[in-house]
>>> print(open('model_21.cif').read())   # mmCIF, C-alpha atoms and all ligand atoms
data_model
#
loop_
_atom_site.label_atom_id
_atom_site.label_comp_id
_atom_site.auth_asym_id
_atom_site.auth_seq_id
_atom_site.Cartn_x
_atom_site.Cartn_y
_atom_site.Cartn_z
CA MET A 290 129.19 92.58 63.21
CA VAL A 291 129.49 90.39 60.13
CA VAL A 292 130.30 91.71 56.65
CA VAL A 293 128.89 89.54 53.86
CA MET A 294 130.78 89.99 50.58
CA ALA A 295 128.98 89.68 47.24
CA PRO A 296 129.44 86.36 45.38
CA GLY A 297 132.80 86.40 43.63
CA ALA A 298 134.01 89.57 45.43
CA ALA A 299 137.56 90.47 44.42
CA ASP A 300 140.42 89.80 46.86
CA GLU A 301 141.33 93.51 46.86
CA HIS A 302 137.79 94.38 48.04
CA ILE A 303 137.97 91.81 50.83
CA GLN A 304 141.38 93.17 51.84
CA ALA A 305 140.06 96.75 51.78
CA VAL A 306 137.41 95.83 54.40
CA VAL A 307 140.03 94.09 56.56
CA ASP A 308 142.40 97.09 56.33
CA ARG A 309 139.66 99.53 57.25
CA VAL A 310 138.63 97.56 60.33
CA GLU A 311 142.19 96.95 61.48
CA SER A 312 143.11 100.59 61.04
CA ALA A 313 140.41 101.39 63.62
CA GLY A 314 141.89 98.93 66.10
CA GLY A 315 139.43 96.11 65.36
CA GLN A 316 140.03 92.55 64.25
CA ALA A 317 138.67 91.01 61.05
CA PHE A 318 138.32 87.25 60.57
CA VAL A 319 137.88 86.22 56.96
CA SER A 320 135.97 83.04 56.20
CA ARG A 321 135.92 81.97 52.55
CA GLY A 322 132.97 79.81 51.44
CA VAL A 323 132.33 78.18 48.08
CA SER A 324 130.54 81.19 46.63
CA ARG A 325 130.75 83.84 49.32
CA THR A 326 133.20 85.26 51.79
CA ILE A 327 132.09 86.57 55.14
CA ILE A 328 134.20 88.69 57.50
CA GLY A 329 133.56 88.61 61.24
CA LEU A 330 134.47 91.85 63.01
CA VAL A 331 135.60 91.98 66.62
CA GLY A 332 136.06 95.23 68.51
CA ASP A 333 134.08 98.36 69.30
CA VAL A 334 131.17 98.30 66.84
CA THR A 335 130.68 102.04 67.22
CA LEU A 336 134.09 102.53 65.54
CA PHE A 337 133.14 100.40 62.53
CA GLY A 338 129.56 101.72 62.39
CA GLY A 339 130.66 105.14 61.21
CA PHE A 340 132.53 103.59 58.27
CA ASP A 341 129.40 102.62 56.38
CA LEU A 342 131.04 99.34 55.38
CA GLY A 343 127.94 98.49 53.33
CA ALA A 344 128.96 101.15 50.81
CA MET A 345 132.40 99.61 50.14
CA PRO A 346 132.95 97.87 46.80
CA GLY A 347 132.16 94.15 46.85
CA VAL A 348 130.14 94.29 50.11
CA SER A 349 126.64 92.84 49.84
CA ASP A 350 125.39 93.13 53.44
CA VAL A 351 126.43 94.13 56.95
CA VAL A 352 124.72 92.25 59.76
CA ARG A 353 124.79 93.51 63.33
CA VAL A 354 125.01 90.79 65.95
CA SER A 355 125.19 92.96 69.07
CA THR A 356 122.85 95.75 70.15
CA PRO A 357 123.55 99.34 69.05
CA TYR A 358 123.02 100.54 72.63
CA LYS A 359 125.56 99.58 75.26
CA LEU A 360 125.19 101.23 78.65
CA VAL A 361 121.50 100.36 78.98
CA SER A 362 121.88 96.83 77.63
CA ARG A 363 121.96 93.60 79.60
CA GLU A 364 125.06 92.62 77.65
CA HIS A 365 126.81 95.49 79.43
CA HIS A 366 125.02 95.06 82.77
CA PRO A 367 123.45 91.58 83.18
CA SER A 368 121.70 92.12 86.54
CA MET A 369 118.51 94.19 86.68
CA SER A 370 118.83 97.71 88.10
CA THR A 371 116.83 99.44 90.80
CA VAL A 372 116.35 103.20 90.56
CA GLU A 373 115.74 105.09 93.81
CA VAL A 374 113.57 108.20 93.68
CA GLY A 375 113.54 110.16 96.92
CA GLY A 376 114.17 106.87 98.75
CA VAL A 377 111.46 104.95 96.83
CA PRO A 378 112.76 101.94 94.89
CA ILE A 379 111.66 101.12 91.35
CA GLY A 380 112.95 97.78 90.16
CA PRO A 381 112.92 94.03 90.74
CA GLY A 382 111.19 92.72 93.84
CA THR A 383 108.98 95.78 94.24
CA PHE A 384 105.92 97.23 92.54
CA THR A 385 105.70 101.01 92.58
CA LEU A 386 102.47 102.96 92.26
CA VAL A 387 102.92 106.50 90.96
CA ALA A 388 99.72 108.56 90.95
CA GLY A 389 98.61 112.15 90.69
CA PRO A 390 96.93 114.63 88.42
CA CYS A 391 97.75 114.74 84.75
CA ALA A 392 98.24 118.50 85.11
CA VAL A 393 98.81 120.69 88.14
CA GLU A 394 95.87 123.13 88.04
CA THR A 395 95.52 124.63 91.52
CA PRO A 396 97.09 124.02 94.96
CA GLU A 397 93.76 122.57 96.20
CA GLN A 398 93.31 120.20 93.24
CA THR A 399 96.93 118.98 93.44
CA LEU A 400 96.78 118.42 97.20
CA ALA A 401 93.46 116.58 96.93
CA ALA A 402 94.83 114.34 94.15
CA ALA A 403 98.01 113.69 96.16
CA GLN A 404 96.01 112.77 99.25
CA MET A 405 93.92 110.34 97.16
CA ALA A 406 97.16 108.90 95.76
CA LYS A 407 98.75 108.51 99.17
CA ALA A 408 95.66 106.89 100.69
CA ALA A 409 95.75 104.35 97.84
CA GLY A 410 99.35 103.43 98.65
CA ALA A 411 101.09 105.47 95.96
CA THR A 412 104.65 106.28 96.97
CA LEU A 413 105.41 108.85 94.27
CA LEU A 414 103.34 111.81 93.10
CA ARG A 415 103.04 112.56 89.39
CA GLY A 416 101.84 115.89 88.00
CA GLY A 417 102.63 118.03 84.98
CA ALA A 418 103.55 121.69 85.35
CA TYR A 419 104.62 121.86 81.69
CA LYS A 420 102.09 120.16 79.44
CA PRO A 421 103.08 119.32 75.88
CA ARG A 422 99.65 119.47 74.20
CA THR A 423 98.74 118.58 70.65
CA SER A 424 96.77 121.83 70.36
CA PRO A 425 98.47 125.16 71.03
CA TYR A 426 95.07 126.38 72.30
CA ALA A 427 94.89 123.71 75.03
CA PHE A 428 96.05 124.31 78.63
CA GLN A 429 99.85 124.32 78.55
CA GLY A 430 100.47 124.01 82.30
CA LEU A 431 101.32 126.49 85.03
CA GLY A 432 105.09 126.36 84.50
CA GLU A 433 107.19 127.31 87.53
CA ARG A 434 104.04 128.14 89.51
CA GLY A 435 103.03 124.50 89.04
CA LEU A 436 106.45 123.31 90.20
CA LYS A 437 106.08 125.35 93.41
CA ILE A 438 102.67 123.78 94.02
CA LEU A 439 104.20 120.32 93.57
CA ALA A 440 106.97 121.17 96.04
CA ASP A 441 104.41 122.41 98.59
CA VAL A 442 102.34 119.26 98.17
CA ARG A 443 105.45 117.13 98.61
CA ALA A 444 106.18 118.97 101.86
CA GLU A 445 102.62 118.33 103.03
CA THR A 446 102.29 114.66 101.99
CA GLY A 447 105.89 113.42 101.93
CA LEU A 448 105.44 112.08 98.38
CA PRO A 449 108.47 112.62 96.12
CA VAL A 450 107.56 114.32 92.83
CA VAL A 451 107.78 113.11 89.23
CA THR A 452 107.20 115.88 86.70
CA GLU A 453 107.78 116.45 83.01
CA VAL A 454 110.37 118.71 81.44
CA VAL A 455 109.74 119.68 77.83
CA ASP A 456 112.58 122.07 77.02
CA ALA A 457 116.33 121.68 77.51
CA HIS A 458 116.48 125.27 78.82
CA ASP A 459 114.19 124.35 81.72
CA VAL A 460 116.03 121.24 82.89
CA GLU A 461 117.89 122.96 85.75
CA LEU A 462 114.77 124.74 86.94
CA VAL A 463 112.57 121.63 86.86
CA ALA A 464 115.33 119.56 88.51
CA SER A 465 115.52 122.08 91.35
CA TYR A 466 111.91 121.15 92.31
CA ALA A 467 111.51 117.56 91.10
CA ASP A 468 112.72 114.22 92.46
CA MET A 469 112.41 112.60 89.04
CA LEU A 470 112.32 114.20 85.59
CA GLN A 471 109.81 112.85 83.11
CA ILE A 472 110.46 112.86 79.37
CA GLY A 473 107.15 112.58 77.57
CA THR A 474 106.30 110.62 74.47
CA ARG A 475 106.51 113.70 72.25
CA ASN A 476 110.06 114.44 73.36
CA ALA A 477 111.40 110.91 73.39
CA ALA A 478 113.49 111.69 70.31
CA ASN A 479 114.52 115.19 71.38
CA PHE A 480 118.17 114.29 71.70
CA GLY A 481 119.31 117.64 73.10
CA LEU A 482 116.75 117.33 75.90
CA LEU A 483 117.75 113.71 76.57
CA GLN A 484 121.39 114.76 76.88
CA ALA A 485 120.47 117.66 79.15
CA VAL A 486 118.55 115.44 81.58
CA GLY A 487 121.40 112.95 81.42
CA ALA A 488 123.83 115.64 82.51
CA ILE A 489 121.75 116.93 85.45
CA GLY A 490 122.01 113.61 87.31
CA LYS A 491 118.41 113.26 88.59
CA PRO A 492 116.42 110.03 88.02
CA VAL A 493 114.58 110.09 84.71
CA LEU A 494 111.26 108.54 83.68
CA LEU A 495 111.52 108.02 79.93
CA LYS A 496 108.22 107.48 78.15
CA ARG A 497 108.28 105.51 74.92
CA GLY A 498 107.83 107.65 71.82
CA MET A 499 104.35 106.96 70.47
CA SER A 500 105.82 105.72 67.18
CA ALA A 501 109.15 104.48 68.49
CA THR A 502 110.35 100.93 68.11
CA ILE A 503 111.76 99.32 71.22
CA GLU A 504 115.25 99.76 69.79
CA GLU A 505 114.64 103.49 69.24
CA TRP A 506 113.33 103.78 72.80
CA LEU A 507 116.45 102.09 74.18
CA MET A 508 118.65 104.32 72.02
CA ALA A 509 116.86 107.32 73.56
CA ALA A 510 117.77 105.91 76.99
CA GLU A 511 121.34 105.48 75.78
CA TYR A 512 121.50 109.25 75.10
CA ILE A 513 120.74 109.84 78.78
CA ALA A 514 123.08 107.10 79.99
CA GLN A 515 125.90 108.35 77.81
CA ARG A 516 125.90 111.60 79.82
CA GLY A 517 126.62 109.61 82.96
CA ASN A 518 123.11 109.02 84.28
CA LEU A 519 121.93 105.43 84.54
CA ASP A 520 119.03 106.22 86.87
CA ILE A 521 116.51 105.73 84.09
CA VAL A 522 113.07 104.12 84.32
CA LEU A 523 111.39 103.23 81.03
CA CYS A 524 107.64 103.75 80.71
CA GLU A 525 105.46 102.08 78.08
CA ARG A 526 102.49 104.40 77.46
CA GLY A 527 100.90 102.96 74.36
CA ILE A 528 101.82 103.31 70.74
CA ARG A 529 100.05 104.57 67.62
CA THR A 530 98.24 101.85 65.70
CA PHE A 531 95.24 101.71 63.38
CA GLU A 532 92.95 101.05 66.39
CA THR A 533 90.68 103.92 67.39
CA ALA A 534 88.76 102.33 70.28
CA THR A 535 91.56 103.29 72.64
CA ARG A 536 93.67 106.43 72.72
CA ASN A 537 96.83 104.41 72.08
CA THR A 538 97.52 100.68 71.95
CA LEU A 539 99.28 99.39 75.06
CA ASP A 540 102.19 97.27 73.86
CA ILE A 541 102.15 94.85 76.77
CA SER A 542 104.82 92.70 75.13
CA ALA A 543 107.23 95.62 75.42
CA VAL A 544 107.79 94.76 79.10
CA PRO A 545 109.24 91.24 78.68
CA VAL A 546 111.02 92.28 75.48
CA VAL A 547 112.71 95.21 77.21
CA ASN A 548 113.46 93.08 80.28
CA ALA A 549 115.38 90.70 78.05
CA LEU A 550 117.34 93.51 76.39
CA SER A 551 117.92 96.07 79.14
CA HIS A 552 118.66 96.15 82.84
CA LEU A 553 116.55 99.30 83.32
CA PRO A 554 113.23 99.09 85.22
CA VAL A 555 110.05 99.30 83.13
CA MET A 556 106.71 100.79 84.16
CA ILE A 557 103.38 101.03 82.37
CA ASP A 558 101.12 104.05 82.07
CA PRO A 559 97.62 102.58 81.73
CA SER A 560 96.04 106.06 81.75
CA HIS A 561 97.69 107.47 78.64
CA SER A 562 97.61 104.18 76.79
CA GLY A 563 93.90 103.41 77.12
CA GLY A 564 92.80 107.04 77.51
CA ARG A 565 89.73 105.76 79.37
CA ARG A 566 89.11 105.48 83.10
CA ASP A 567 87.41 102.08 82.75
CA LEU A 568 90.54 100.58 81.15
CA VAL A 569 92.98 101.62 83.86
CA LEU A 570 92.22 98.71 86.21
CA PRO A 571 92.37 95.89 83.61
CA LEU A 572 95.50 97.34 82.03
CA SER A 573 97.08 97.67 85.48
CA ARG A 574 96.36 94.01 86.18
CA ALA A 575 98.03 93.18 82.88
CA ALA A 576 101.01 95.37 83.81
CA ILE A 577 101.48 93.47 87.08
CA ALA A 578 101.04 90.08 85.42
CA VAL A 579 103.54 90.82 82.65
CA GLY A 580 106.26 91.83 85.10
CA ALA A 581 106.22 95.64 85.03
CA ASP A 582 108.03 97.34 87.91
CA GLY A 583 105.17 99.75 88.52
CA ILE A 584 102.40 101.85 87.05
CA LEU A 585 101.85 105.57 86.58
CA VAL A 586 98.20 106.61 86.82
CA ASP A 587 96.24 109.85 86.50
CA VAL A 588 93.90 110.75 89.37
CA HIS A 589 91.73 113.84 89.84
CA PRO A 590 89.30 114.89 92.57
CA HIS A 591 86.88 116.23 89.92
CA PRO A 592 87.75 114.83 86.49
CA GLU A 593 84.72 116.54 84.91
CA THR A 594 86.46 119.89 85.46
CA ALA A 595 90.00 118.72 84.61
CA LEU A 596 91.98 120.97 82.27
CA CYS A 597 93.76 117.96 80.80
CA ASP A 598 92.77 114.35 80.10
CA GLY A 599 89.75 114.17 82.46
CA PRO A 600 88.26 111.04 80.79
CA GLN A 601 91.21 108.91 81.87
CA ALA A 602 91.56 110.25 85.44
CA LEU A 603 90.57 107.93 88.27
CA VAL A 604 88.20 109.13 90.98
CA ASP A 605 88.48 107.97 94.57
CA ALA A 606 86.39 104.79 94.20
CA ASP A 607 88.38 103.66 91.13
CA LEU A 608 91.60 104.35 92.93
CA ARG A 609 90.54 102.30 95.94
CA ALA A 610 89.78 99.36 93.63
CA LEU A 611 93.18 99.78 91.99
CA ALA A 612 94.87 100.01 95.39
CA ALA A 613 93.38 96.64 96.39
CA VAL A 614 94.81 95.03 93.25
CA VAL A 615 98.23 96.63 93.82
CA ARG A 616 98.24 95.31 97.40
CA GLN A 617 97.19 91.77 96.46
CA LEU A 618 98.56 90.85 93.04
CA PRO A 619 102.28 91.82 93.06
CA PRO A 620 103.07 89.72 96.19
CA LEU A 621 101.74 86.64 94.36
CA LEU A 622 104.46 87.30 91.79
CA GLY A 623 107.25 87.91 94.27
CA ARG A 624 107.00 91.69 94.45
CA ALA A 625 106.24 93.85 97.46
CA PRO A 626 104.38 97.14 96.95
CA ALA A 627 107.15 99.81 97.13
C1 LIG B 1 101.90 112.62 80.97
O1 LIG B 1 102.26 111.60 81.58
O2 LIG B 1 101.50 113.64 81.54
C2 LIG B 1 101.95 112.65 79.50
C3 LIG B 1 101.69 113.75 78.81
O3 LIG B 1 102.25 111.44 78.98
P1 LIG B 1 102.72 111.07 77.50
O4 LIG B 1 103.96 111.83 77.24
O5 LIG B 1 102.93 109.59 77.60
O6 LIG B 1 101.59 111.43 76.56
#
>>> encode(input="model_21.cif", output="structure tokens", more="lines below")
Ligand code: PEP
Amino acid sequence: MVVVMAPGAADEHIQAVVDRVESAGGQAFVSRGVSRTIIGLVGDVTLFGGFDLGAMPGVSDVVRVSTPYKLVSREHHPSMSTVEVGGVPIGPGTFTLVAGPCAVETPEQTLAAAQMAKAAGATLLRGGAYKPRTSPYAFQGLGERGLKILADVRAETGLPVVTEVVDAHDVELVASYADMLQIGTRNAANFGLLQAVGAIGKPVLLKRGMSATIEEWLMAAEYIAQRGNLDIVLCERGIRTFETATRNTLDISAVPVVNALSHLPVMIDPSHSGGRRDLVLPLSRAAIAVGADGILVDVHPHPETALCDGPQALVDADLRALAAVVRQLPPLLGRAPA
């Protein structure tokens, strides 16, 4: 962190900054220029951050030179991480296909979707038992009944389960059924929930908040990591822009940007970003090409009857086409299908 003093700042104001930093155990290096003085700070930035040095007399600017997140950063952990979910790796060298219904509706529908997913080479099953919907009148999910269906389908197919938790009070319950806890876009800034999933110690799939910057997304991950859980997979699922042709705008550049900043694996959700079945395949190709560690896709045996997001769900033929791409493209880029 660098403190830039205003032109002609008084010596006592410069000294006050130095004293404040040193009293917190940091070091302050004063460099006097012709018109300005700058002070370089060394030490734990989180200690100085709380001081609001910018409000001190004579200070004109405070410039951060390191990231505000630590545990999830590559500064802290230079090599890329792999997260294991029920024995399935997500991380460098592999490409993981997660597929399943947007919402768990019935045992038959969930099993059929899981069988489609498995036949296409998916190694993890997704499915929401708790659905955070924009409308309170829309289907909200089956709750614990949905979790039991997911557990039964896991027993039948062998696919570990990724499912969303929307309330901190339900974290233990959901974790008792799930192999990986999903935090959805609408809860990506629900800090109590992030801390609760951090404390439970299960792998977490953290969607990007629909209006979150990459830094805010990584700070959300830091909330989970700070509770002792570094088994976090980030998932870009499209952000809000002025564009209305797609449900959200897939920020494909988020993958290489995050890869440069964080050691955590990054996946893409082409279903919730495009919101249209016909976009899932091209966006998946883009995800593979840009270096994502996997994709998360919605599938449904009868999307026309789906209680949630039918227009983006893949049917069997689409899924077979996607499976061929997932088999062929990642190996060209040094990744084996997980
Ligand atoms: C989902 O994956 O089921 C979901 C609701 O996604 P998002 O939070 O990205 O909208």
>>> residues_near_ligand(input="model_21.cif", ligand="ligand LIG 1 (chain B)", cutoff="9 Å", atoms="only C-alpha atoms and all ligand atoms", output="MDAnalysis selection string")
chainID A and resid 390:392 415:417 419:422 452:453 471:477 495:499 524:527 558 560:562 585:587 597:598
>>> residues_around(input="model_21.cif", residues="segment 460-466 of chain A", least_positions_apart="2", cutoff="12 Å", atoms="all atoms listed in the file", output="VMD selection string")
chain A and resid 417 to 419 432 to 444 449 to 458 468 to 472 481 to 493
>>> atom_distance(input="model_21.cif", atom1="atom CA of Ala406 of chain A", atom2="atom CA of Thr371 of chain A")
22.4 Å
>>> closest_residue(input="model_21.cif", among="A:Asp341, A:Pro381, A:Arg353, A:Asp540", to="Met369 of chain A", atoms="all atoms listed in the file")
A:Pro381
>>> residues_around(input="model_21.cif", residues="Gly382 of chain A", least_positions_apart="5", cutoff="12 Å", atoms="only C-alpha atoms", output="VMD selection string")
chain A and resid 369 to 371 554 577 580 to 583 619 to 627
>>> atom_distance(input="model_21.cif", atom1="atom CA of Val522 of chain A", atom2="atom CA of Glu397 of chain A")
29.2 Å
>>> residues_around(input="model_21.cif", residues="Val292 of chain A", least_positions_apart="3", cutoff="9 Å", atoms="only C-alpha atoms", output="NGL selection string")
:A and (306 or 326-330 or 342-343 or 348-353)
>>> write_last_selection(input="model_21.cif", atoms="C-alpha atoms", output="tab-separated table (two decimals), keeping the file's coordinate frame")
chain	number	residue	atom	x	y	z
A	306	VAL	CA	137.41	95.83	54.40
A	326	THR	CA	133.20	85.26	51.79
A	327	ILE	CA	132.09	86.57	55.14
A	328	ILE	CA	134.20	88.69	57.50
A	329	GLY	CA	133.56	88.61	61.24
A	330	LEU	CA	134.47	91.85	63.01
A	342	LEU	CA	131.04	99.34	55.38
A	343	GLY	CA	127.94	98.49	53.33
A	348	VAL	CA	130.14	94.29	50.11
A	349	SER	CA	126.64	92.84	49.84
A	350	ASP	CA	125.39	93.13	53.44
A	351	VAL	CA	126.43	94.13	56.95
A	352	VAL	CA	124.72	92.25	59.76
A	353	ARG	CA	124.79	93.51	63.33
>>> atom_distance(input="model_21.cif", atom1="atom CA of Ala478 of chain A", atom2="atom CA of Val387 of chain A")
23.8 Å
>>> residues_around(input="model_21.cif", residues="Ala534 of chain A", least_positions_apart="6", cutoff="10 Å", atoms="all atoms listed in the file", output="VMD selection string")
chain A and resid 563 to 565
>>> closest_residue(input="model_21.cif", among="A:Ala401, A:Ala612, A:Ala344, A:Val361", to="Pro590 of chain A", atoms="all atoms listed in the file")
A:Ala401
>>> residues_around(input="model_21.cif", residues="Arg321 of chain A", least_positions_apart="2", cutoff="12 Å", atoms="all atoms listed in the file", output="MDAnalysis selection string")
chainID A and resid 292:300 303 318:319 323:329
>>> closest_residue(input="model_21.cif", among="A:Leu596, A:Asp605, A:Ser551, A:Gly347", to="Ser368 of chain A", atoms="all atoms listed in the file")
A:Ser551
>>> residues_near_point(input="model_21.cif", point="(101.1, 113.7, 99.4)", cutoff="6 Å", atoms="only C-alpha atoms", output="list of chain:residue names")
A:Ala403, A:Gln404, A:Lys407, A:Val442, A:Arg443, A:Thr446, A:Gly447, A:Leu448
>>> closest_residue(input="model_21.cif", among="A:Leu550, A:Leu413, A:Ala510, A:Leu336", to="Arg363 of chain A", atoms="all atoms listed in the file")
A:Leu550
